[in-house]
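Shown next: start-v2.cif, given as mmCIF, N, CA and C atoms.
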data_target
#
loop_
_atom_site.label_atom_id
_atom_site.label_comp_id
_atom_site.auth_asym_id
_atom_site.auth_seq_id
_atom_site.Cartn_x
_atom_site.Cartn_y
_atom_site.Cartn_z
N MET A 13 24.39 -14.11 12.95
CA MET A 13 24.44 -15.14 11.93
C MET A 13 25.22 -14.58 10.74
N ARG A 14 25.94 -15.44 10.08
CA ARG A 14 26.77 -15.02 8.95
C ARG A 14 26.45 -15.84 7.71
N THR A 15 26.70 -15.25 6.54
CA THR A 15 26.51 -15.96 5.28
C THR A 15 27.66 -16.94 5.09
N GLN A 16 27.58 -17.76 4.05
CA GLN A 16 28.66 -18.71 3.77
C GLN A 16 29.97 -18.00 3.49
N GLY A 17 29.89 -16.77 2.96
CA GLY A 17 31.09 -15.99 2.68
C GLY A 17 31.64 -15.28 3.90
N GLY A 18 30.96 -15.40 5.05
CA GLY A 18 31.44 -14.79 6.28
C GLY A 18 30.86 -13.41 6.58
N GLU A 19 30.09 -12.84 5.64
CA GLU A 19 29.50 -11.53 5.88
C GLU A 19 28.31 -11.67 6.81
N PRO A 20 28.01 -10.62 7.58
CA PRO A 20 26.83 -10.68 8.45
C PRO A 20 25.55 -10.80 7.61
N MET A 21 24.65 -11.66 8.06
CA MET A 21 23.36 -11.79 7.37
C MET A 21 22.43 -10.72 7.89
N ASN A 22 21.66 -10.10 7.00
CA ASN A 22 20.64 -9.15 7.43
C ASN A 22 19.51 -9.12 6.42
N PHE A 23 18.39 -8.59 6.85
CA PHE A 23 17.22 -8.48 6.00
C PHE A 23 17.12 -7.05 5.48
N ALA A 24 16.56 -6.89 4.29
CA ALA A 24 16.38 -5.58 3.69
C ALA A 24 14.89 -5.23 3.69
N LYS A 25 14.51 -4.25 2.89
CA LYS A 25 13.11 -3.79 2.86
C LYS A 25 12.16 -4.88 2.39
N THR A 26 10.90 -4.70 2.72
CA THR A 26 9.85 -5.62 2.33
C THR A 26 8.99 -4.99 1.25
N THR A 27 8.59 -5.76 0.26
CA THR A 27 7.67 -5.28 -0.77
C THR A 27 6.45 -6.19 -0.77
N PRO A 28 5.36 -5.74 -0.16
CA PRO A 28 4.16 -6.59 -0.13
C PRO A 28 3.51 -6.70 -1.51
N ILE A 29 2.87 -7.84 -1.73
CA ILE A 29 2.10 -8.06 -2.95
C ILE A 29 0.63 -8.10 -2.55
N LEU A 30 -0.17 -7.23 -3.14
CA LEU A 30 -1.60 -7.16 -2.84
C LEU A 30 -2.39 -7.66 -4.04
N ARG A 31 -3.41 -8.44 -3.76
CA ARG A 31 -4.25 -8.98 -4.83
C ARG A 31 -5.23 -7.92 -5.31
N ILE A 32 -5.35 -7.77 -6.61
CA ILE A 32 -6.33 -6.88 -7.24
C ILE A 32 -7.11 -7.69 -8.26
N PHE A 33 -8.28 -7.19 -8.65
CA PHE A 33 -9.13 -7.90 -9.61
C PHE A 33 -9.50 -7.07 -10.81
N ASP A 34 -9.20 -5.77 -10.77
CA ASP A 34 -9.64 -4.87 -11.83
C ASP A 34 -8.62 -3.76 -11.98
N GLU A 35 -8.00 -3.70 -13.14
CA GLU A 35 -6.95 -2.71 -13.40
C GLU A 35 -7.44 -1.28 -13.22
N ALA A 36 -8.59 -0.95 -13.77
CA ALA A 36 -9.11 0.42 -13.69
C ALA A 36 -9.40 0.82 -12.24
N LEU A 37 -10.02 -0.08 -11.47
CA LEU A 37 -10.30 0.22 -10.05
C LEU A 37 -9.00 0.38 -9.26
N ALA A 38 -8.02 -0.47 -9.54
CA ALA A 38 -6.74 -0.39 -8.84
C ALA A 38 -6.05 0.95 -9.12
N LYS A 39 -6.03 1.36 -10.37
CA LYS A 39 -5.38 2.62 -10.71
C LYS A 39 -6.16 3.81 -10.15
N ALA A 40 -7.48 3.75 -10.17
CA ALA A 40 -8.29 4.83 -9.59
C ALA A 40 -8.00 4.98 -8.10
N PHE A 41 -7.85 3.86 -7.40
CA PHE A 41 -7.60 3.91 -5.96
C PHE A 41 -6.16 4.29 -5.64
N TYR A 42 -5.20 3.52 -6.15
CA TYR A 42 -3.81 3.71 -5.76
C TYR A 42 -3.16 4.95 -6.40
N VAL A 43 -3.48 5.25 -7.63
CA VAL A 43 -2.85 6.37 -8.33
C VAL A 43 -3.68 7.65 -8.15
N ASP A 44 -4.94 7.61 -8.58
CA ASP A 44 -5.75 8.83 -8.55
C ASP A 44 -6.10 9.27 -7.13
N PHE A 45 -6.47 8.32 -6.26
CA PHE A 45 -6.88 8.68 -4.91
C PHE A 45 -5.69 8.81 -3.96
N LEU A 46 -4.89 7.76 -3.80
CA LEU A 46 -3.80 7.80 -2.83
C LEU A 46 -2.57 8.55 -3.31
N GLY A 47 -2.42 8.73 -4.62
CA GLY A 47 -1.30 9.51 -5.13
C GLY A 47 -0.02 8.71 -5.38
N PHE A 48 -0.14 7.39 -5.48
CA PHE A 48 1.02 6.58 -5.85
C PHE A 48 1.30 6.77 -7.34
N ARG A 49 2.51 6.45 -7.76
CA ARG A 49 2.84 6.49 -9.19
C ARG A 49 3.08 5.05 -9.64
N ILE A 50 2.84 4.81 -10.89
CA ILE A 50 3.10 3.49 -11.47
C ILE A 50 4.56 3.44 -11.90
N ASP A 51 5.30 2.47 -11.35
CA ASP A 51 6.71 2.31 -11.70
C ASP A 51 6.89 1.36 -12.88
N PHE A 52 6.09 0.30 -12.90
CA PHE A 52 6.11 -0.61 -14.05
C PHE A 52 4.82 -1.41 -14.08
N GLU A 53 4.48 -1.89 -15.27
CA GLU A 53 3.35 -2.81 -15.48
C GLU A 53 3.88 -3.98 -16.31
N HIS A 54 3.39 -5.19 -16.00
CA HIS A 54 3.85 -6.35 -16.75
C HIS A 54 2.71 -7.34 -16.96
N ARG A 55 2.65 -7.87 -18.15
CA ARG A 55 1.78 -9.00 -18.50
C ARG A 55 2.63 -9.92 -19.37
N PHE A 56 2.47 -11.23 -19.17
CA PHE A 56 3.21 -12.16 -20.02
C PHE A 56 2.68 -12.13 -21.45
N SER A 57 1.41 -11.79 -21.61
CA SER A 57 0.81 -11.53 -22.92
C SER A 57 -0.43 -10.67 -22.67
N PRO A 58 -0.96 -10.02 -23.72
CA PRO A 58 -2.07 -9.09 -23.52
C PRO A 58 -3.31 -9.66 -22.84
N ASP A 59 -3.52 -10.97 -22.95
CA ASP A 59 -4.72 -11.58 -22.37
C ASP A 59 -4.48 -12.18 -20.98
N LEU A 60 -3.28 -11.99 -20.43
CA LEU A 60 -2.96 -12.55 -19.11
C LEU A 60 -3.03 -11.49 -18.02
N PRO A 61 -3.05 -11.90 -16.74
CA PRO A 61 -3.21 -10.96 -15.64
C PRO A 61 -2.10 -9.92 -15.54
N LEU A 62 -2.46 -8.80 -14.95
CA LEU A 62 -1.56 -7.67 -14.76
C LEU A 62 -0.76 -7.82 -13.47
N TYR A 63 0.49 -7.42 -13.51
CA TYR A 63 1.35 -7.30 -12.33
C TYR A 63 1.99 -5.92 -12.42
N LEU A 64 1.84 -5.10 -11.39
CA LEU A 64 2.43 -3.77 -11.45
C LEU A 64 3.01 -3.35 -10.13
N GLN A 65 3.92 -2.40 -10.20
CA GLN A 65 4.50 -1.80 -9.00
C GLN A 65 4.06 -0.36 -8.93
N VAL A 66 3.61 0.05 -7.74
CA VAL A 66 3.30 1.45 -7.47
C VAL A 66 4.14 1.89 -6.29
N SER A 67 4.43 3.20 -6.24
CA SER A 67 5.22 3.71 -5.12
C SER A 67 4.83 5.15 -4.81
N LYS A 68 5.11 5.51 -3.58
CA LYS A 68 4.93 6.88 -3.11
C LYS A 68 6.02 7.09 -2.07
N ASP A 69 6.94 7.97 -2.36
CA ASP A 69 8.10 8.19 -1.50
C ASP A 69 8.83 6.86 -1.31
N GLN A 70 8.99 6.38 -0.07
CA GLN A 70 9.72 5.14 0.16
C GLN A 70 8.83 3.91 0.22
N CYS A 71 7.53 4.10 0.08
CA CYS A 71 6.59 2.98 0.14
C CYS A 71 6.44 2.37 -1.26
N VAL A 72 6.73 1.08 -1.37
CA VAL A 72 6.63 0.36 -2.64
C VAL A 72 5.66 -0.81 -2.45
N LEU A 73 4.68 -0.91 -3.35
CA LEU A 73 3.71 -2.00 -3.31
C LEU A 73 3.67 -2.68 -4.67
N HIS A 74 3.48 -3.98 -4.66
CA HIS A 74 3.21 -4.72 -5.89
C HIS A 74 1.74 -5.09 -5.88
N LEU A 75 1.07 -4.90 -7.00
CA LEU A 75 -0.35 -5.21 -7.16
C LEU A 75 -0.46 -6.28 -8.23
N SER A 76 -1.21 -7.33 -7.94
CA SER A 76 -1.23 -8.46 -8.86
C SER A 76 -2.63 -9.00 -9.08
N GLU A 77 -2.95 -9.26 -10.35
CA GLU A 77 -4.18 -9.97 -10.70
C GLU A 77 -3.96 -11.49 -10.72
N HIS A 78 -2.73 -11.95 -10.54
CA HIS A 78 -2.42 -13.38 -10.55
C HIS A 78 -2.98 -14.03 -9.29
N HIS A 79 -3.80 -15.07 -9.45
CA HIS A 79 -4.48 -15.67 -8.30
C HIS A 79 -3.53 -16.32 -7.30
N GLY A 80 -2.38 -16.71 -7.69
CA GLY A 80 -1.46 -17.37 -6.77
C GLY A 80 -0.53 -16.44 -6.01
N ASP A 81 -0.56 -15.15 -6.30
CA ASP A 81 0.39 -14.24 -5.66
C ASP A 81 0.01 -13.86 -4.24
N SER A 82 -1.25 -13.71 -3.96
CA SER A 82 -1.69 -13.36 -2.61
C SER A 82 -3.20 -13.50 -2.54
N CYS A 83 -3.72 -13.38 -1.33
CA CYS A 83 -5.16 -13.47 -1.11
C CYS A 83 -5.72 -12.09 -0.84
N PRO A 84 -6.93 -11.82 -1.30
CA PRO A 84 -7.53 -10.53 -0.95
C PRO A 84 -7.77 -10.46 0.55
N GLY A 85 -7.82 -9.26 1.08
CA GLY A 85 -8.07 -9.07 2.50
C GLY A 85 -6.82 -8.94 3.33
N ALA A 86 -5.69 -8.65 2.71
CA ALA A 86 -4.45 -8.44 3.45
C ALA A 86 -4.54 -7.13 4.24
N ALA A 87 -3.69 -6.99 5.23
CA ALA A 87 -3.59 -5.75 5.99
C ALA A 87 -2.12 -5.39 6.15
N MET A 88 -1.82 -4.11 6.08
CA MET A 88 -0.45 -3.66 6.26
C MET A 88 -0.42 -2.30 6.93
N ARG A 89 0.66 -2.02 7.58
CA ARG A 89 0.86 -0.72 8.22
C ARG A 89 1.96 0.01 7.45
N ILE A 90 1.70 1.27 7.14
CA ILE A 90 2.64 2.08 6.37
C ILE A 90 3.00 3.30 7.22
N GLU A 91 4.26 3.37 7.67
CA GLU A 91 4.70 4.52 8.45
C GLU A 91 4.58 5.77 7.58
N THR A 92 3.94 6.80 8.15
CA THR A 92 3.61 7.99 7.37
C THR A 92 3.95 9.26 8.14
N GLU A 93 4.73 10.13 7.55
CA GLU A 93 4.96 11.46 8.11
C GLU A 93 3.94 12.39 7.47
N GLY A 94 3.45 13.36 8.22
CA GLY A 94 2.47 14.29 7.68
C GLY A 94 1.11 13.65 7.51
N LEU A 95 0.69 12.84 8.47
CA LEU A 95 -0.57 12.10 8.37
C LEU A 95 -1.77 13.04 8.25
N ASP A 96 -1.77 14.13 9.00
CA ASP A 96 -2.89 15.08 8.94
C ASP A 96 -3.01 15.72 7.56
N GLU A 97 -1.88 16.08 6.98
CA GLU A 97 -1.88 16.68 5.64
C GLU A 97 -2.33 15.67 4.59
N PHE A 98 -1.89 14.43 4.75
CA PHE A 98 -2.29 13.37 3.83
C PHE A 98 -3.80 13.16 3.91
N GLN A 99 -4.33 13.10 5.12
CA GLN A 99 -5.77 12.95 5.29
C GLN A 99 -6.52 14.10 4.62
N ALA A 100 -6.08 15.34 4.85
CA ALA A 100 -6.74 16.50 4.25
C ALA A 100 -6.73 16.43 2.72
N ALA A 101 -5.60 16.00 2.15
CA ALA A 101 -5.51 15.87 0.70
C ALA A 101 -6.47 14.82 0.18
N LEU A 102 -6.59 13.70 0.90
CA LEU A 102 -7.51 12.64 0.48
C LEU A 102 -8.96 13.10 0.59
N LEU A 103 -9.30 13.74 1.69
CA LEU A 103 -10.68 14.22 1.86
C LEU A 103 -11.06 15.23 0.79
N ALA A 104 -10.11 16.04 0.35
CA ALA A 104 -10.38 17.04 -0.68
C ALA A 104 -10.71 16.42 -2.03
N LYS A 105 -10.34 15.16 -2.22
CA LYS A 105 -10.62 14.48 -3.49
C LYS A 105 -12.05 13.94 -3.56
N HIS A 106 -12.76 13.89 -2.43
CA HIS A 106 -14.16 13.43 -2.39
C HIS A 106 -14.32 12.06 -3.05
N TYR A 107 -13.43 11.14 -2.72
CA TYR A 107 -13.49 9.77 -3.23
C TYR A 107 -14.72 9.11 -2.63
N LYS A 108 -15.60 8.61 -3.45
CA LYS A 108 -16.88 8.13 -2.96
C LYS A 108 -16.83 6.82 -2.18
N HIS A 109 -15.69 6.13 -2.20
CA HIS A 109 -15.61 4.84 -1.53
C HIS A 109 -14.85 4.89 -0.20
N ALA A 110 -14.40 6.08 0.22
CA ALA A 110 -13.65 6.17 1.48
C ALA A 110 -13.70 7.59 2.03
N ILE A 111 -13.89 7.68 3.33
CA ILE A 111 -13.79 8.94 4.06
C ILE A 111 -12.76 8.69 5.18
N PRO A 112 -11.48 8.89 4.87
CA PRO A 112 -10.43 8.53 5.82
C PRO A 112 -10.51 9.33 7.13
N GLN A 113 -10.44 8.60 8.24
CA GLN A 113 -10.45 9.21 9.57
C GLN A 113 -9.20 8.75 10.32
N ILE A 114 -8.69 9.62 11.17
CA ILE A 114 -7.51 9.31 11.98
C ILE A 114 -7.97 8.98 13.40
N GLN A 115 -7.41 7.90 13.94
CA GLN A 115 -7.72 7.49 15.31
C GLN A 115 -6.43 7.41 16.13
N GLU A 116 -6.51 7.85 17.39
CA GLU A 116 -5.41 7.63 18.31
C GLU A 116 -5.58 6.24 18.89
N MET A 117 -4.52 5.45 18.80
CA MET A 117 -4.58 4.06 19.22
C MET A 117 -3.95 3.91 20.61
N PRO A 118 -4.43 2.95 21.40
CA PRO A 118 -3.91 2.79 22.77
C PRO A 118 -2.43 2.40 22.83
N TRP A 119 -1.86 1.94 21.73
CA TRP A 119 -0.45 1.53 21.73
C TRP A 119 0.48 2.66 21.31
N GLY A 120 -0.06 3.90 21.19
CA GLY A 120 0.80 5.05 20.96
C GLY A 120 0.98 5.48 19.52
N THR A 121 0.06 5.14 18.64
CA THR A 121 0.12 5.61 17.26
C THR A 121 -1.17 6.31 16.89
N ARG A 122 -1.10 7.08 15.84
CA ARG A 122 -2.28 7.66 15.20
C ARG A 122 -2.40 6.93 13.87
N ASP A 123 -3.55 6.32 13.61
CA ASP A 123 -3.74 5.47 12.44
C ASP A 123 -4.89 5.95 11.58
N MET A 124 -4.69 5.87 10.28
CA MET A 124 -5.74 6.14 9.30
C MET A 124 -5.86 4.89 8.44
N SER A 125 -6.96 4.17 8.60
CA SER A 125 -7.16 2.90 7.90
C SER A 125 -8.07 3.12 6.69
N ILE A 126 -7.61 2.62 5.54
CA ILE A 126 -8.38 2.72 4.30
C ILE A 126 -8.36 1.35 3.62
N THR A 127 -9.52 0.88 3.22
CA THR A 127 -9.61 -0.41 2.54
C THR A 127 -9.72 -0.17 1.04
N ASP A 128 -8.90 -0.88 0.27
CA ASP A 128 -8.94 -0.73 -1.19
C ASP A 128 -10.17 -1.46 -1.75
N PRO A 129 -10.46 -1.30 -3.03
CA PRO A 129 -11.64 -1.94 -3.62
C PRO A 129 -11.63 -3.47 -3.60
N PHE A 130 -10.51 -4.08 -3.19
CA PHE A 130 -10.36 -5.53 -3.22
C PHE A 130 -10.30 -6.14 -1.81
N GLY A 131 -10.56 -5.31 -0.81
CA GLY A 131 -10.59 -5.79 0.57
C GLY A 131 -9.26 -5.72 1.30
N ASN A 132 -8.22 -5.16 0.69
CA ASN A 132 -6.93 -5.01 1.35
C ASN A 132 -6.96 -3.74 2.20
N ARG A 133 -6.50 -3.84 3.45
CA ARG A 133 -6.53 -2.70 4.37
C ARG A 133 -5.15 -2.09 4.51
N LEU A 134 -5.05 -0.80 4.19
CA LEU A 134 -3.82 -0.05 4.35
C LEU A 134 -3.99 0.84 5.56
N VAL A 135 -3.11 0.70 6.53
CA VAL A 135 -3.15 1.53 7.74
C VAL A 135 -1.96 2.47 7.69
N PHE A 136 -2.25 3.74 7.45
CA PHE A 136 -1.21 4.76 7.45
C PHE A 136 -1.03 5.19 8.90
N THR A 137 0.18 5.11 9.42
CA THR A 137 0.39 5.24 10.85
C THR A 137 1.57 6.17 11.17
N THR A 138 1.45 6.85 12.29
CA THR A 138 2.53 7.70 12.78
C THR A 138 2.54 7.61 14.31
N ALA A 139 3.74 7.69 14.89
CA ALA A 139 3.86 7.64 16.35
C ALA A 139 3.34 8.94 16.95
N ILE A 140 2.71 8.84 18.10
CA ILE A 140 2.27 10.02 18.83
C ILE A 140 3.46 10.61 19.55
N SER A 141 3.71 11.90 19.34
CA SER A 141 4.83 12.56 20.01
C SER A 141 4.56 12.66 21.50
N THR A 142 5.60 12.43 22.29
CA THR A 142 5.43 12.53 23.74
C THR A 142 6.18 13.71 24.28
#

Give the structure from the file, written as structure tokens.
Amino acid sequence: MRTQGGEPMNFAKTTPILRIFDEALAKAFYVDFLGFRIDFEHRFSPDLPLYLQVSKDQCVLHLSEHHGDSCPGAAMRIETEGLDEFQAALLAKHYKHAIPQIQEMPWGTRDMSITDPFGNRLVFTTAIST
């Protein structure tokens, strides 16, 4: 398929938007626990909901308190190199709301599933070497 200008059409990276309800809990989970950094924060005014971007390496997530942006309970898979090291780093933090475990899946991946404080499930995944 081609654009109107004749160039090939293609899709680029995806940036999921996850619903959050509490700024402090979101930062404790995504920044302090998972190790993401805050790239930007935005509010239309001080009394309005927060919208922020967090990232870690090539993974970029948008977190939003805006009720129309997304529904809680989303699930996503994040390709992860060094899954065992990541798990060890998370376990060393003794986060009281998660004890990340890695499972070998029948479809050929190793997955570590962690649910954020708002019901969104992040599955950190890596292919099993053959």

So which residues touch Val43 (chain A) within 12 Å, counting only C-alpha atoms, skipping near sequence neighbours fewer than 2 positions away, as an MDAnalysis selection string?
chainID A and resid 35:41 45:51 64:68 73 75 102 128

To one decimal place, how far is atom N of Lys108 (chain A) from CA of Phe130 (chain A) in Å?
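Result for atom N of Lys108 (chain A) versus CA of Phe130 (chain A): 15.1 Å, one decimal.
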
Using only N, CA and C atoms for the distances, tell me which of A:Leu95, A:Met21, A:Thr137, A:His109 is nearest to Thr121 (chain A).
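Among A:Leu95, A:Met21, A:Thr137, A:His109, it is A:Thr137 that comes nearest to Thr121 (chain A).
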
For this structure, which residues satisfy the selection - the PyMOL selection byres (((chain A and resi 110-117 and name CA) around 12) and name CA) - when it is evaluated on the file as given? I want them as an MDAnalysis selection string.
chainID A and resid 41 45:46 94:109 118:129 133:141

Out of region 35-90 of chain A, which residues get strand (DSSP E or B) from DSSP, as an NGL selection string?
:A and (49-54 or 63-68 or 71-76 or 87-90)

Can you work out which one of A:Glu77, A:Gly131, A:Asn22, A:Val72 has the shortest atom-to-atom distance to Leu60 (chain A), counting all atoms listed in the file?
A:Glu77

Here is a test: counting only N, CA and C atoms, which residue of A:Asn132, A:Asp69, A:His54, A:Tyr63 is nearest to Ala86 (chain A)?
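Nearest candidate to Ala86 (chain A) out of A:Asn132, A:Asp69, A:His54, A:Tyr63: A:Asn132.
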
To one decimal in Å, tell me the separation between CA of Phe33 (chain A) and CA of Thr92 (chain A).
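CA of Thr92 (chain A) lies at a distance of 26.5 Å from CA of Phe33 (chain A).
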